[in-house]
Amino acid sequence: MASVPIPGKRFVIGVPYAWLLLFFFLPFLILLYISFVDMGGDISPFKPIWDPVSGILSLKYENYLAIFRTEEGAPLFRTLYIDAYLRSIWYALCTAFFCLVIGYPFAYFIARSPASIRPALLLMVMLPFWTSFLLRVYAWKGILADQGVLNRLLMSIGLTSEPIPMLYTNVSMLIGMTYVYLPFMILPLYANLVKMDFRLLEAAYDLGTTPFKAFWLITVPLSKAGIVAGFMLVFIPCVGEFVIPSLLGGPENLMIGRVVWDEMFTANDWPRATALAVVMIALIVIPLAFYYHYTGDAADTRK
């Protein structure tokens, strides 16, 4: 006979569900509603989708069709929006990869450090969060500008005779995104690595395994959960990133966050902007749902 959850347990379980309902599901339903309406011409900014007199439900599917096709008869997936989606996913993947390559040694070093200094090391990782996000991004503009700190340093030591164009490029945008989201990779990796039994490595060394092989065959598989968590924590916000590409990226680096902004505040086409946002959420949530579904089934099978 299944045990009945006590009221306190129900409350604890219900709080996160209520939070998700109020601050994710309901706003998403509002976005979904706006994405199927048309802009109104009177006091109401949107035309109603339901006519109570005729009983006709009018959904404007063109807001979604225009994402994949510019006009009737035009080839599919040859639009500005698809290019922005693909570019956003590519830059998000690159940022997550660079954060993993840079953050893994940091997390490993902190996890292997004496317990007495770990809080100080973690504090140094989280210290940038004490500064405004915009100030940190603007600081990189001062570093990477033609007359910025980095170019002046390179010219002063004689490595170059003229400024190297670094700002408003792919490189500057990736540097800014990697710097901002690096702590989101380090912290879950550390939380996973610090629980690892390092006696497994000592046993591997006793059996004659090289340090690299022991790291690749023992440490990396045991830290898989931290790698996946950090990768998702970096990849998901990077897909919709708006501020960093606008301040550090060039005009050709048009990511989907900037496209949504332009459609909403420049073109004043809120239904098209919300349709773009809904598709972006689907691109992120659906693969995640499949991943957690199959990994959860695999975990249950192992048990």
# chains A, B, ... in the order shown; residues from 1 in each chain; ligands from 1
>>> residues_around(residues="Met177 in chain A", least_positions_apart="4", cutoff="12 Å", atoms="only C-alpha atoms", output="PyMOL selection string")
chain A and resi 88+91-99+133+136-137+140+170-173+181-184+234-235+237-249
>>> select_by_dssp(residues="range 21-131 of chain A", states="strand (DSSP E or B)", output="number ranges by chain")
A: 39, 46, 50-51, 56-57
>>> select_by_dssp(residues="range 33-170 of chain A", states="alpha helix (DSSP H)", output="PyMOL selection string")
chain A and resi 33-35+62-68+80-112+118-126+133-144+149-156+170
>>> decode(residues="range 238-251 of chain A", atoms="all heavy atoms", output="CSV table (one decimal), in the first residue's frame")
chain,number,residue,atom,x,y,z
A,238,CYS,N,22.8,31.2,-23.5
A,238,CYS,CA,23.6,31.8,-24.6
A,238,CYS,C,22.8,31.8,-25.9
A,238,CYS,O,23.0,32.7,-26.8
A,238,CYS,CB,24.9,31.0,-24.9
A,238,CYS,SG,26.2,31.3,-23.7
A,239,VAL,N,21.9,30.8,-26.1
A,239,VAL,CA,21.1,30.8,-27.3
A,239,VAL,C,20.3,32.1,-27.5
A,239,VAL,O,20.2,32.7,-28.6
A,239,VAL,CB,20.1,29.6,-27.3
A,239,VAL,CG1,19.1,29.7,-28.5
A,239,VAL,CG2,20.9,28.3,-27.4
A,240,GLY,N,19.7,32.6,-26.4
A,240,GLY,CA,18.9,33.8,-26.4
A,240,GLY,C,19.6,35.1,-26.0
A,240,GLY,O,19.0,36.1,-25.7
A,241,GLU,N,20.9,35.0,-25.9
A,241,GLU,CA,21.7,36.2,-25.4
A,241,GLU,C,21.5,37.4,-26.4
A,241,GLU,O,21.5,37.3,-27.6
A,241,GLU,CB,23.2,35.8,-25.4
A,241,GLU,CG,24.1,36.9,-24.9
A,241,GLU,CD,23.7,37.4,-23.5
A,241,GLU,OE1,23.6,36.5,-22.6
A,241,GLU,OE2,23.6,38.6,-23.4
A,242,PHE,N,21.3,38.5,-25.7
A,242,PHE,CA,21.1,39.8,-26.5
A,242,PHE,C,22.1,40.8,-26.2
A,242,PHE,O,22.6,41.5,-27.1
A,242,PHE,CB,19.7,40.3,-26.1
A,242,PHE,CG,19.5,41.7,-26.6
A,242,PHE,CD1,19.3,42.0,-27.9
A,242,PHE,CD2,19.4,42.8,-25.7
A,242,PHE,CE1,19.1,43.3,-28.3
A,242,PHE,CE2,19.2,44.1,-26.1
A,242,PHE,CZ,19.0,44.4,-27.4
A,243,VAL,N,22.5,41.0,-24.9
A,243,VAL,CA,23.3,42.1,-24.5
A,243,VAL,C,24.7,42.0,-25.1
A,243,VAL,O,25.3,42.9,-25.7
A,243,VAL,CB,23.4,42.3,-23.0
A,243,VAL,CG1,24.4,43.4,-22.6
A,243,VAL,CG2,22.0,42.6,-22.5
A,244,ILE,N,25.4,40.8,-24.9
A,244,ILE,CA,26.8,40.7,-25.3
A,244,ILE,C,26.9,40.7,-26.8
A,244,ILE,O,27.8,41.4,-27.3
A,244,ILE,CB,27.3,39.3,-24.8
A,244,ILE,CG1,27.3,39.3,-23.2
A,244,ILE,CG2,28.7,39.1,-25.3
A,244,ILE,CD1,27.7,38.0,-22.6
A,245,PRO,N,26.1,40.1,-27.6
A,245,PRO,CA,26.2,40.2,-29.1
A,245,PRO,C,26.0,41.7,-29.5
A,245,PRO,O,26.6,42.1,-30.5
A,245,PRO,CB,25.2,39.3,-29.7
A,245,PRO,CG,25.0,38.3,-28.6
A,245,PRO,CD,25.1,39.0,-27.3
A,246,SER,N,25.1,42.4,-28.9
A,246,SER,CA,24.9,43.8,-29.2
A,246,SER,C,26.1,44.7,-28.9
A,246,SER,O,26.3,45.6,-29.7
A,246,SER,CB,23.6,44.3,-28.5
A,246,SER,OG,22.5,43.6,-28.9
A,247,LEU,N,26.7,44.5,-27.8
A,247,LEU,CA,27.8,45.3,-27.4
A,247,LEU,C,29.2,44.9,-27.9
A,247,LEU,O,30.1,45.8,-28.2
A,247,LEU,CB,27.9,45.4,-25.9
A,247,LEU,CG,26.7,46.0,-25.2
A,247,LEU,CD1,26.9,46.0,-23.6
A,247,LEU,CD2,26.4,47.4,-25.6
A,248,LEU,N,29.4,43.6,-28.1
A,248,LEU,CA,30.7,43.1,-28.5
A,248,LEU,C,30.7,42.5,-29.9
A,248,LEU,O,31.8,42.4,-30.5
A,248,LEU,CB,31.2,42.1,-27.5
A,248,LEU,CG,31.5,42.5,-26.1
A,248,LEU,CD1,32.0,41.4,-25.2
A,248,LEU,CD2,32.4,43.7,-26.0
A,249,GLY,N,29.6,42.1,-30.4
A,249,GLY,CA,29.5,41.5,-31.7
A,249,GLY,C,29.4,42.5,-32.9
A,249,GLY,O,29.0,43.6,-32.6
A,250,GLY,N,29.7,42.0,-34.1
A,250,GLY,CA,29.6,42.9,-35.2
A,250,GLY,C,28.2,42.8,-35.8
A,250,GLY,O,27.3,42.0,-35.4
A,251,PRO,N,27.9,43.6,-36.8
A,251,PRO,CA,26.6,43.6,-37.4
A,251,PRO,C,26.2,42.3,-38.1
A,251,PRO,O,25.0,42.0,-38.3
A,251,PRO,CB,26.6,44.8,-38.5
A,251,PRO,CG,28.1,45.0,-38.7
A,251,PRO,CD,28.8,44.6,-37.5
